[in-house]
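Asks: Structure: data.txt, compact mmCIF, C-alpha atoms.
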```txt
# COMPACT_ATOMS: atom_id res chain seq x y z
CA MET Z 1 1.37 -22.13 -27.37
CA SER Z 2 5.11 -21.49 -27.56
CA LYS Z 3 4.42 -17.73 -27.48
CA VAL Z 4 2.47 -18.11 -24.24
CA LYS Z 5 5.27 -20.25 -22.80
CA HIS Z 6 7.87 -17.64 -23.83
CA PHE Z 7 5.75 -14.89 -22.25
CA PHE Z 8 5.58 -16.69 -18.90
CA GLU Z 9 9.27 -17.66 -19.03
CA GLN Z 10 10.20 -14.03 -19.44
CA SER Z 11 7.75 -12.43 -17.07
CA TRP Z 12 6.90 -14.88 -14.29
CA LEU Z 13 9.17 -13.12 -11.81
CA LEU Z 14 7.57 -9.76 -12.61
CA ILE Z 15 4.05 -11.18 -12.17
CA VAL Z 16 4.90 -12.93 -8.88
CA SER Z 17 6.77 -9.87 -7.55
CA SER Z 18 3.93 -7.51 -8.50
CA PHE Z 19 1.51 -9.71 -6.58
CA PHE Z 20 3.84 -9.97 -3.57
CA PHE Z 21 4.68 -6.23 -3.43
CA GLY Z 22 1.02 -5.29 -3.95
CA LEU Z 23 0.07 -7.55 -1.05
CA LEU Z 24 2.79 -6.00 1.12
CA ILE Z 25 1.48 -2.48 0.45
CA ALA Z 26 -2.13 -3.59 1.04
CA VAL Z 27 -1.25 -5.15 4.41
CA THR Z 28 0.76 -2.08 5.49
CA ASN Z 29 -2.02 0.24 4.41
CA ALA Z 30 -4.64 -1.83 6.26
CA ALA Z 31 -2.51 -1.76 9.40
CA TRP Z 32 -1.87 2.01 9.43
CA SER Z 33 -4.77 3.59 7.52
CA GLY Z 34 -6.88 4.00 10.70
CA ARG Z 35 -4.06 5.90 12.36
CA ILE Z 36 -3.49 8.07 9.26
CA VAL Z 37 -7.19 9.00 9.04
CA GLN Z 38 -7.24 9.76 12.79
CA ASN Z 39 -4.18 12.04 12.38
CA GLU Z 40 -6.02 13.96 9.64
CA ILE Z 41 -9.16 14.30 11.80
CA ASP Z 42 -7.08 15.49 14.78
CA LYS Z 43 -5.33 18.09 12.64
CA ARG Z 44 -8.61 19.32 11.14
CA ASN Z 45 -10.18 19.64 14.62
CA ARG Z 46 -7.08 21.41 15.94
CA LEU Z 47 -7.21 23.95 13.12
CA MET Z 48 -10.98 24.48 13.47
CA THR Z 49 -10.58 25.03 17.23
CA ALA Z 50 -7.78 27.53 16.56
CA LEU Z 51 -10.10 29.46 14.21
CA ILE Z 52 -13.24 29.41 16.37
CA ALA Z 53 -12.03 30.26 19.87
CA ASP Z 54 -15.35 29.52 21.65
CA ALA Z 55 -15.81 26.11 20.05
CA ASN Z 56 -15.94 23.13 22.39
CA SER Z 57 -16.98 20.45 19.91
CA PHE Z 58 -17.80 20.04 16.22
CA ASP Z 59 -20.78 18.33 14.58
CA VAL Z 60 -21.41 17.74 10.91
CA ALA Z 61 -24.06 20.38 10.02
CA VAL Z 62 -24.29 19.61 6.29
CA GLU Z 63 -22.94 16.29 5.05
CA ALA Z 64 -21.26 16.21 1.63
CA ALA Z 65 -22.36 19.72 0.62
CA GLN Z 66 -22.03 20.03 -3.15
CA ILE Z 67 -19.88 22.94 -4.36
CA PRO Z 68 -19.91 23.65 -8.12
CA ALA Z 69 -16.32 24.25 -9.28
CA ALA Z 70 -14.59 25.09 -12.57
CA LYS Z 71 -15.16 23.00 -15.73
CA GLY Z 72 -18.55 21.76 -14.50
CA LYS Z 73 -17.00 19.72 -11.67
CA VAL Z 74 -18.74 19.34 -8.34
CA ILE Z 75 -16.70 19.15 -5.11
CA LYS Z 76 -18.19 17.58 -2.00
CA THR Z 77 -17.30 18.86 1.45
CA ASP Z 78 -18.73 18.47 4.95
CA ILE Z 79 -19.75 21.66 6.75
CA TYR Z 80 -19.10 21.43 10.49
CA GLY Z 81 -21.06 23.33 13.11
CA ALA Z 82 -18.95 24.57 16.04
CA LEU Z 83 -20.74 24.24 19.39
CA ASP Z 84 -19.80 26.00 22.64
CA ARG Z 85 -20.01 24.37 26.08
CA GLY Z 86 -23.76 25.10 26.25
CA GLY Z 87 -24.40 23.43 22.86
CA LYS Z 88 -25.01 26.75 21.10
CA THR Z 89 -23.71 27.11 17.54
CA VAL Z 90 -20.89 29.65 17.52
CA GLY Z 91 -19.71 29.21 13.93
CA PHE Z 92 -19.24 26.92 10.98
CA ALA Z 93 -16.11 25.49 9.40
CA PHE Z 94 -15.44 23.57 6.20
CA ILE Z 95 -12.55 22.22 4.16
CA ALA Z 96 -11.94 23.97 0.83
CA VAL Z 97 -9.64 22.80 -1.95
CA GLY Z 98 -8.15 25.10 -4.60
CA SER Z 99 -5.42 24.95 -7.22
CA GLY Z 100 -2.23 26.64 -6.07
CA PHE Z 101 1.03 27.40 -7.90
CA ALA Z 102 2.54 23.93 -7.44
CA ASP Z 103 -0.27 21.69 -6.25
CA LYS Z 104 -3.68 21.70 -4.59
CA ILE Z 105 -4.08 23.94 -1.55
CA LYS Z 106 -6.32 22.50 1.17
CA LEU Z 107 -7.76 25.06 3.60
CA VAL Z 108 -9.96 25.04 6.68
CA ILE Z 109 -12.23 28.09 6.48
CA ALA Z 110 -14.40 29.27 9.38
CA VAL Z 111 -17.34 31.69 9.45
CA ASP Z 112 -19.44 33.05 12.31
CA ALA Z 113 -22.81 31.58 13.34
CA LYS Z 114 -24.76 34.06 11.17
CA CYS Z 115 -22.43 33.41 8.25
CA GLU Z 116 -21.78 37.14 7.94
CA LYS Z 117 -18.06 37.30 8.71
CA PHE Z 118 -15.05 35.06 8.24
CA PHE Z 119 -13.23 33.92 11.36
CA GLY Z 120 -10.29 33.25 9.05
CA PHE Z 121 -8.53 30.27 7.51
CA LYS Z 122 -5.74 27.80 8.22
CA VAL Z 123 -3.75 25.81 5.69
CA LEU Z 124 -4.46 22.08 6.03
CA ALA Z 125 -2.10 21.04 3.20
CA SER Z 126 -0.06 22.86 0.59
CA ASN Z 127 3.07 22.35 -1.48
CA GLU Z 128 3.58 26.00 -2.42
CA THR Z 129 7.11 27.25 -3.12
CA PRO Z 130 9.13 27.61 0.11
CA GLY Z 131 9.94 31.26 0.80
CA PHE Z 132 7.31 32.54 -1.64
CA GLY Z 133 3.95 30.77 -2.06
CA ASP Z 134 4.13 29.19 1.37
CA LYS Z 135 3.80 32.69 2.87
CA ILE Z 136 0.02 32.08 2.62
CA LYS Z 137 0.50 30.35 5.99
CA GLU Z 138 1.73 33.57 7.59
CA ASP Z 139 -0.28 36.19 9.48
CA TYR Z 140 0.12 38.88 6.80
CA LEU Z 141 -2.45 37.23 4.55
CA GLY Z 142 -4.35 35.29 7.23
CA GLY Z 143 -5.01 38.44 9.25
CA GLN Z 144 -6.77 40.12 6.35
CA PHE Z 145 -9.47 37.42 6.32
CA GLU Z 146 -10.23 37.63 10.06
CA GLY Z 147 -13.45 39.61 10.29
CA ALA Z 148 -13.77 40.13 6.52
CA PRO Z 149 -17.37 40.01 5.22
CA ALA Z 150 -18.36 36.45 4.28
CA GLY Z 151 -19.07 37.21 0.63
CA LYS Z 152 -17.21 37.68 -2.61
CA LEU Z 153 -13.62 38.78 -2.01
CA GLU Z 154 -11.38 40.73 -4.34
CA LEU Z 155 -7.60 40.47 -4.66
CA ILE Z 156 -5.71 43.76 -5.05
CA LYS Z 157 -1.97 44.21 -5.59
CA THR Z 158 -1.48 47.29 -3.42
CA GLY Z 159 -3.51 48.69 -0.54
CA ASP Z 160 -3.84 48.79 3.21
CA ASP Z 161 -3.53 45.25 4.52
CA LYS Z 162 -4.67 46.35 8.00
CA LYS Z 163 -8.10 47.45 6.70
CA ILE Z 164 -10.57 44.59 7.14
CA ASP Z 165 -12.91 44.52 4.16
CA SER Z 166 -13.60 42.44 1.06
CA GLU Z 167 -10.32 43.59 -0.54
CA ILE Z 168 -7.36 41.30 0.11
CA VAL Z 169 -3.86 42.63 -0.55
CA ALA Z 170 -1.75 40.01 -2.36
CA ILE Z 171 1.60 38.84 -1.01
CA SER Z 172 4.49 40.24 -3.03
CA GLY Z 173 6.23 37.34 -4.78
CA ALA Z 174 3.30 34.99 -4.20
CA THR Z 175 0.61 36.48 -6.43
CA VAL Z 176 -0.47 33.12 -7.87
CA SER Z 177 -0.87 31.59 -4.41
CA SER Z 178 -2.76 34.68 -3.15
CA GLU Z 179 -5.05 34.52 -6.20
CA ALA Z 180 -5.64 30.80 -5.60
CA LEU Z 181 -6.60 31.52 -2.01
CA VAL Z 182 -9.13 34.26 -2.85
CA LYS Z 183 -10.53 32.18 -5.73
CA THR Z 184 -11.03 29.22 -3.36
CA PHE Z 185 -12.87 31.44 -0.87
CA ASN Z 186 -15.12 32.80 -3.63
CA THR Z 187 -15.85 29.31 -5.01
CA TYR Z 188 -17.01 28.01 -1.65
CA ILE Z 189 -18.55 30.79 0.43
CA GLY Z 190 -21.65 31.52 -1.68
CA ASN Z 191 -22.58 27.85 -1.91
CA VAL Z 192 -21.84 27.15 1.74
CA LYS Z 193 -24.11 30.05 2.80
CA GLU Z 194 -26.85 28.80 0.49
CA GLN Z 195 -26.68 25.25 1.84
CA LEU Z 196 -26.70 26.39 5.47
CA ARG Z 197 -29.72 28.59 4.69
CA ALA Z 198 -31.49 25.69 2.97
CA LYS Z 199 -31.00 23.56 6.10
CA GLY Z 200 -32.41 26.39 8.24
CA LEU Z 201 -29.10 26.81 10.09
CA THR Z 202 -28.73 30.50 9.14
CA LYS Z 203 -31.17 33.18 8.01
CA MET W 1 40.16 -18.50 8.13
CA ALA W 2 41.82 -16.45 5.41
CA SER W 3 38.54 -16.26 3.51
CA GLY W 4 36.75 -15.02 6.63
CA LYS W 5 39.36 -12.26 7.06
CA THR W 6 39.08 -11.30 3.39
CA ASP W 7 35.30 -11.12 3.74
CA THR W 8 35.61 -8.81 6.74
CA VAL W 9 38.08 -6.59 4.90
CA LEU W 10 35.81 -6.50 1.83
CA LEU W 11 32.76 -5.65 3.92
CA SER W 12 34.50 -2.90 5.89
CA ARG W 13 35.94 -1.46 2.65
CA THR W 14 32.45 -1.51 1.08
CA PHE W 15 31.04 0.25 4.14
CA ILE W 16 33.71 2.99 4.25
CA THR W 17 33.48 3.54 0.47
CA GLY W 18 29.85 4.62 0.87
CA LEU W 19 30.73 6.96 3.70
CA TRP W 20 33.60 8.81 2.00
CA GLN W 21 35.35 7.69 -1.25
CA GLU W 22 32.02 7.22 -3.04
CA ASN W 23 29.86 9.40 -0.83
CA PRO W 24 26.62 9.71 -2.85
CA VAL W 25 26.36 13.49 -2.50
CA PHE W 26 29.93 14.79 -2.26
CA ARG W 27 31.65 12.33 -4.60
CA LEU W 28 28.99 10.86 -6.92
CA LEU W 29 26.68 13.94 -6.96
CA LEU W 30 23.59 11.71 -6.71
CA GLY W 31 20.33 12.52 -4.90
CA MET W 32 20.71 16.25 -5.47
CA CYS W 33 16.94 16.92 -5.38
CA PRO W 34 16.37 15.95 -1.70
CA THR W 35 19.83 17.31 -0.80
CA LEU W 36 18.78 20.78 -1.89
CA ALA W 37 15.13 20.54 -0.89
CA VAL W 38 15.03 19.14 2.64
CA THR W 39 18.18 20.56 4.23
CA ALA W 40 16.70 23.80 5.58
CA ALA W 41 16.65 22.16 9.03
CA VAL W 42 18.25 19.09 10.64
CA LYS W 43 15.03 17.25 11.64
CA PRO W 44 13.61 16.88 8.11
CA ALA W 45 17.10 16.08 6.77
CA LEU W 46 17.50 13.30 9.34
CA THR W 47 14.03 11.92 8.58
CA MET W 48 14.77 11.92 4.85
CA GLY W 49 18.12 10.21 5.49
CA CYS W 50 16.49 7.48 7.61
CA SER W 51 13.79 6.94 4.97
CA VAL W 52 16.48 6.57 2.28
CA ILE W 53 18.43 4.10 4.48
CA PHE W 54 15.28 2.00 4.95
CA VAL W 55 14.47 1.96 1.22
CA LEU W 56 18.10 1.36 0.22
CA VAL W 57 18.54 -1.56 2.65
CA CYS W 58 15.24 -3.23 1.69
CA SER W 59 15.67 -2.79 -2.07
CA ASN W 60 19.31 -4.00 -1.98
CA ILE W 61 18.26 -7.11 -0.02
CA VAL W 62 15.41 -7.91 -2.45
CA VAL W 63 17.50 -7.24 -5.58
CA SER W 64 20.41 -9.28 -4.23
CA LEU W 65 18.15 -12.23 -3.42
CA MET W 66 16.55 -12.27 -6.87
CA ARG W 67 19.69 -11.36 -8.85
CA ARG W 68 20.08 -14.81 -10.45
CA LEU W 69 16.45 -14.78 -11.61
CA LEU W 70 16.56 -11.30 -13.20
CA LYS W 71 16.15 -11.05 -16.99
CA PRO W 72 18.50 -8.32 -18.25
CA HIS W 73 15.80 -6.42 -20.17
CA LEU W 74 13.37 -6.50 -17.22
CA ARG W 75 15.81 -5.68 -14.44
CA ILE W 76 15.15 -1.90 -14.25
CA LEU W 77 11.42 -2.62 -14.08
CA MET W 78 12.01 -5.03 -11.20
CA PHE W 79 14.24 -2.52 -9.37
CA THR W 80 11.60 0.20 -9.72
CA LEU W 81 8.85 -2.12 -8.52
CA ALA W 82 10.81 -3.04 -5.37
CA ILE W 83 11.89 0.56 -4.70
CA ALA W 84 8.34 1.95 -5.18
CA THR W 85 6.97 -0.62 -2.70
CA PHE W 86 9.40 0.30 0.06
CA VAL W 87 9.02 4.04 -0.57
CA THR W 88 5.24 3.66 -0.24
CA ILE W 89 5.73 1.83 3.07
CA ALA W 90 8.11 4.56 4.32
CA ASP W 91 5.60 7.23 3.26
CA LEU W 92 2.73 5.45 5.06
CA PHE W 93 4.90 5.07 8.18
CA LEU W 94 5.66 8.80 8.28
CA LYS W 95 1.98 9.69 7.72
CA ALA W 96 0.93 7.36 10.54
CA PHE W 97 3.63 8.02 13.15
CA LEU W 98 5.28 11.34 12.22
CA PRO W 99 2.45 13.27 10.51
CA GLU W 100 4.02 16.70 10.98
CA MET W 101 7.30 15.57 9.49
CA SER W 102 5.48 13.85 6.63
CA GLU W 103 3.73 17.13 5.88
CA ARG W 104 6.97 19.07 6.10
CA LEU W 105 8.75 16.74 3.68
CA GLY W 106 5.76 16.93 1.33
CA PRO W 107 6.37 15.30 -2.07
CA TYR W 108 10.04 14.55 -1.39
CA VAL W 109 9.32 11.22 0.34
CA PRO W 110 7.38 9.74 -2.64
CA LEU W 111 10.14 11.19 -4.85
CA ILE W 112 12.66 8.79 -3.25
CA ILE W 113 11.37 6.38 -5.93
CA VAL W 114 13.34 8.36 -8.53
CA ASN W 115 16.36 8.95 -6.29
CA CYS W 116 19.39 7.90 -8.37
CA ILE W 117 21.31 6.58 -5.33
CA ILE W 118 18.89 3.72 -4.81
CA ILE W 119 18.62 2.55 -8.42
CA CYS W 120 22.40 3.07 -8.81
CA ARG W 121 23.17 0.76 -5.86
CA ALA W 122 20.65 -1.83 -7.08
CA GLU W 123 22.33 -1.85 -10.51
CA ALA W 124 25.98 -1.41 -9.50
CA CYS W 125 26.09 -3.52 -6.34
CA ALA W 126 23.02 -5.58 -5.33
CA SER W 127 22.41 -7.15 -8.75
CA LYS W 128 26.04 -8.39 -8.86
CA ASN W 129 26.81 -9.29 -5.23
CA GLY W 130 25.61 -11.49 -2.40
CA LEU W 131 23.38 -10.51 0.49
CA ALA W 132 26.11 -9.46 2.95
CA VAL W 133 27.93 -7.12 0.57
CA SER W 134 24.63 -5.63 -0.69
CA LEU W 135 23.44 -5.02 2.87
CA VAL W 136 26.69 -3.39 3.99
CA ASP W 137 26.78 -1.30 0.80
CA ALA W 138 23.22 -0.08 1.47
CA ILE W 139 24.03 0.84 5.07
CA GLY W 140 27.28 2.60 4.09
CA MET W 141 25.71 4.54 1.23
CA GLY W 142 22.61 5.35 3.30
CA LEU W 143 24.65 6.60 6.25
CA GLY W 144 26.91 8.59 3.89
CA PHE W 145 23.84 10.26 2.39
CA THR W 146 22.26 10.91 5.81
CA MET W 147 25.44 12.36 7.27
CA THR W 148 25.88 14.70 4.30
CA LEU W 149 22.29 15.87 4.56
CA CYS W 150 22.68 16.49 8.30
CA VAL W 151 25.95 18.44 7.87
CA LEU W 152 24.36 20.64 5.18
CA ALA W 153 21.20 21.09 7.25
CA SER W 154 23.18 21.98 10.39
CA VAL W 155 25.03 24.79 8.59
CA ARG W 156 21.86 26.10 6.94
CA GLU W 157 19.68 25.90 10.07
CA MET W 158 22.38 27.52 12.20
CA LEU W 159 22.82 30.46 9.83
CA ALA W 160 19.11 30.81 8.99
CA THR W 161 17.73 30.65 12.54
CA GLY W 162 20.71 30.68 14.93
CA LYS W 163 19.56 27.24 16.17
CA ILE W 164 20.28 23.56 15.59
CA PHE W 165 17.57 21.05 16.57
CA GLU W 166 15.69 24.12 17.83
CA LEU W 167 18.43 24.82 20.40
CA SER W 168 20.13 28.23 20.26
CA VAL W 169 23.79 27.91 19.28
CA MET W 170 24.58 31.45 18.14
CA PRO W 171 25.22 34.55 20.26
CA GLU W 172 22.21 36.78 20.92
CA ALA W 173 23.60 39.53 18.68
CA PHE W 174 23.51 37.16 15.67
CA VAL W 175 21.17 38.33 12.91
CA PRO W 176 19.65 35.29 11.13
CA TRP W 177 20.33 34.99 7.39
CA ALA W 178 16.85 34.21 6.06
CA ALA W 179 18.27 33.40 2.62
CA MET W 180 19.93 30.27 4.03
CA SER W 181 16.54 28.60 4.52
CA MET W 182 15.63 29.34 0.90
CA PRO W 183 16.80 27.45 -2.22
CA VAL W 184 19.64 29.96 -2.73
CA GLY W 185 21.05 28.97 0.68
CA ALA W 186 20.96 25.30 -0.33
CA PHE W 187 22.89 25.94 -3.56
CA ILE W 188 25.52 28.14 -1.88
CA THR W 189 26.10 25.75 1.04
CA LEU W 190 26.29 22.69 -1.21
CA GLY W 191 28.66 24.47 -3.63
CA LEU W 192 31.00 25.56 -0.83
CA MET W 193 30.99 22.10 0.73
CA LEU W 194 31.70 20.42 -2.61
CA GLY W 195 34.63 22.82 -3.05
CA LEU W 196 35.90 22.00 0.44
CA VAL W 197 35.62 18.23 -0.11
CA ASN W 198 37.39 18.52 -3.48
CA THR W 199 40.23 20.51 -1.87
CA ILE W 200 40.66 17.91 0.91
CA THR W 201 40.57 15.04 -1.60
CA LYS W 202 43.13 16.72 -3.91
CA LYS W 203 45.51 17.32 -1.00
CA LYS W 204 45.27 13.64 -0.01
CA ALA W 205 45.93 12.51 -3.60
```
Starting from the coordinates I provided, produce the structure as structure tokens.
Replies:
Amino acid sequence: MSKVKHFFEQSWLLIVSSFFFGLLIAVTNAAWSGRIVQNEIDKRNRLMTALIADANSFDVAVEAAQIPAAKGKVIKTDIYGALDRGGKTVGFAFIAVGSGFADKIKLVIAVDAKCEKFFGFKVLASNETPGFGDKIKEDYLGGQFEGAPAGKLELIKTGDDKKIDSEIVAISGATVSSEALVKTFNTYIGNVKEQLRAKGLTK
Amino acid sequence: MASGKTDTVLLSRTFITGLWQENPVFRLLLGMCPTLAVTAAVKPALTMGCSVIFVLVCSNIVVSLMRRLLKPHLRILMFTLAIATFVTIADLFLKAFLPEMSERLGPYVPLIIVNCIIICRAEACASKNGLAVSLVDAIGMGLGFTMTLCVLASVREMLATGKIFELSVMPEAFVPWAAMSMPVGAFITLGLMLGLVNTITKKKA
């Protein structure tokens, strides 16, 4: 009994404070979480619109598409159909997550309506090294994906970066981030194509 | 009357100490991680400074209020608990109302939890003094930190882009020094400024 009493004498302030601070965070989170989620949706839509120029609105084409990843893990992602003003599908976009040099890299990838070519990608979130890995956000790498065949891509260290094909020339000084990008594309694209085909959205 | 005057003198001395004599960056060399990481431009530096002021003020108030109840062996745990709560609130605020800035600052906002300035002020000041002194100390130290970050960021942004707050301040012929926006620029600028502050302080002494 005295041990229990000693325990509470020593730690009552910690227990009460933990409860109070936890409640404070919960209330703050409840108040602002809607706004935070909306900010993320707005950013995703902004990036998807930037990638698919003709898009007027986006609809979920495949909900929680399952993408097999490394170590037997399965990632779930929504595949969005981009519709023009007439309601015709002009492309598809999805969020892809890969492991970068410092942290996870979150991308928005877009493909055309037939799922034959990439429209490109935009970086949704990344903590890559400033001045090096964060160059994945620049046009040098991004431009190489625009119009590239929507299939398996290969990373090469030297080559013509203006030539649009399945070979992507790595950024000097950011090889790990370039590799992570190409690996993420390869992890997702095959499965995304398969799931769109299974739903009858592409041939 | 005399006590009131003494209090005012003590409070103003506490405030000025944080700004200059014990400036967290230039004199105490605390908070070096955000100082080097977020000073490539003035906007993120200012946002980081304001976040630190908020956390510092809130944690100093809480620690000062509970100082008589603190058990010596549990005090660091209590400080960390309070600091982590206010950092989480600051992080949620930035995500909700300044999403682009939150993204730009990346992991450095959650990392305020391990910023030595905050735990140092909780231990050295708030846990030993009343509410007024703790509050003034937090504001002084916070402003000292923010001002330092902004001065460093102004120099780096000006030399790296020719702009401050996205307004051109350099002549058209100026060729931007890209290195100043990189980590090397942060180390060089901070080193030169520390040298300058040391020279000024030595002359005064």
Asks: Near chain W, meaning an atom within 9 Å, which residues of chain Z appear when counting all atoms listed in the file? Write them as a ChimeraX atom specification.
Replies: /Z:10-11,13-14,17-18,21-22,24-25,28-29,32-40,125-127,130-131
Asks: Could you jot down the atom CA of Z:Phe94 to atom CA of Z:Asp160 separation for me, Å, one decimal place?
Replies: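 Atom CA of Z:Phe94 sits 27.9 Å away from atom CA of Z:Asp160.
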Asks: For each of W:Leu131, W:Pro44, W:Val184, W:Val155, take the minimum atom-to-atom distance to W:Met170, counting only C-alpha atoms, then give the residue where this is smallest.
Replies: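 Residue with the minimum atom-to-atom distance to W:Met170: W:Val155.
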Asks: Applying 10 Å and only C-alpha atoms, which residues near W:Thr35 remain after dropping the ones on its own chain fewer than 6 positions away? List them as a ChimeraX atom specification.
Replies: /W:25,29,45,48-49,145-146,148-150,152-153,186-187,190
Asks: Residues of the last selection are to be written out with C-alpha atoms, as a PDB file, keeping the file's coordinate frame.
Replies:
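Full text of result_21.pdb as output:
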```
ATOM      1  CA  VAL W  25      26.360  13.490  -2.500  1.00  0.00           C
ATOM      2  CA  LEU W  29      26.680  13.940  -6.960  1.00  0.00           C
ATOM      3  CA  ALA W  45      17.100  16.080   6.770  1.00  0.00           C
ATOM      4  CA  MET W  48      14.770  11.920   4.850  1.00  0.00           C
ATOM      5  CA  GLY W  49      18.120  10.210   5.490  1.00  0.00           C
ATOM      6  CA  PHE W 145      23.840  10.260   2.390  1.00  0.00           C
ATOM      7  CA  THR W 146      22.260  10.910   5.810  1.00  0.00           C
ATOM      8  CA  THR W 148      25.880  14.700   4.300  1.00  0.00           C
ATOM      9  CA  LEU W 149      22.290  15.870   4.560  1.00  0.00           C
ATOM     10  CA  CYS W 150      22.680  16.490   8.300  1.00  0.00           C
ATOM     11  CA  LEU W 152      24.360  20.640   5.180  1.00  0.00           C
ATOM     12  CA  ALA W 153      21.200  21.090   7.250  1.00  0.00           C
ATOM     13  CA  ALA W 186      20.960  25.300  -0.330  1.00  0.00           C
ATOM     14  CA  PHE W 187      22.890  25.940  -3.560  1.00  0.00           C
ATOM     15  CA  LEU W 190      26.290  22.690  -1.210  1.00  0.00           C
TER      16      LEU W 190
END
```
Asks: Could you check which of W:Asn60, W:Gly142, W:Ala132, W:Thr189 is closest to W:Ser154, using all atoms listed in the file?
Replies: W:Thr189
Asks: What gap, in Å, lies between atom CA of W:Glu22 and atom CA of W:Val57?
Replies: 17.1 Å
Asks: Atom CA of W:Met147 and atom CA of W:Cys116 are how many Å apart?
Replies: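 Atom CA of W:Cys116 lies 17.4 Å from atom CA of W:Met147.
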Asks: Which is closer to Z:Glu194 than all the others in Z:Leu153, Z:Ile136, Z:Val27, Z:Ile67, using all atoms listed in the file?
Replies: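 Smallest separation from Z:Glu194 among the options: Z:Ile67.
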Asks: Could you work out an axis-aligned bounding box for all listed atoms of stretch 133-142 of chain W, with 8 Å added on each of the six sides, and give its centre and edge lengths in Å to one decimal, as AutoDock Vina command-line options?
Replies:
```
--center_x 25.3 --center_y -0.9 --center_z 2.2 --size_x 21.3 --size_y 28.5 --size_z 21.8
```
Asks: Please list as a PyMOL selection string every residue within 7 Å of W:Asp137, counting all atoms listed in the file and excluding residues in the same chain fewer than 4 positions away.
Replies: chain W and resi 14-15+18+133+141
Asks: Restricting the calculation to all atoms listed in the file: of W:Gly140, W:Gly185, W:Pro110, W:Pro72, which residue gets closest to W:Ser51?
Replies: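 Smallest distance to W:Ser51 is found for W:Pro110.
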Asks: Counting all atoms listed in the file, figure out which residue out of Z:Val16, Z:Leu23, Z:Leu83, Z:Ala69 gets nearest to Z:Ile52.
Replies: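 Answer, going by the shortest atom-to-atom distance: Z:Leu83.
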Asks: With distances taken over all atoms listed in the file, which of Z:Lys104, Z:Arg44, Z:Lys183, Z:Lys152 is nearest to Z:Leu124?
Replies: Z:Arg44
Asks: For W:Thr80, find every residue with an atom within 10 Å (counting only C-alpha atoms), except residues of its own chain fewer than 6 positions away, and show them as a CSV table (one decimal) with C-alpha atoms, in the frame of the given file.
Replies:
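Final output, part32.csv:
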```csv
chain,number,residue,atom,x,y,z
W,59,SER,CA,15.7,-2.8,-2.1
W,113,ILE,CA,11.4,6.4,-5.9
W,114,VAL,CA,13.3,8.4,-8.5
W,118,ILE,CA,18.9,3.7,-4.8
W,119,ILE,CA,18.6,2.6,-8.4
W,122,ALA,CA,20.6,-1.8,-7.1
```
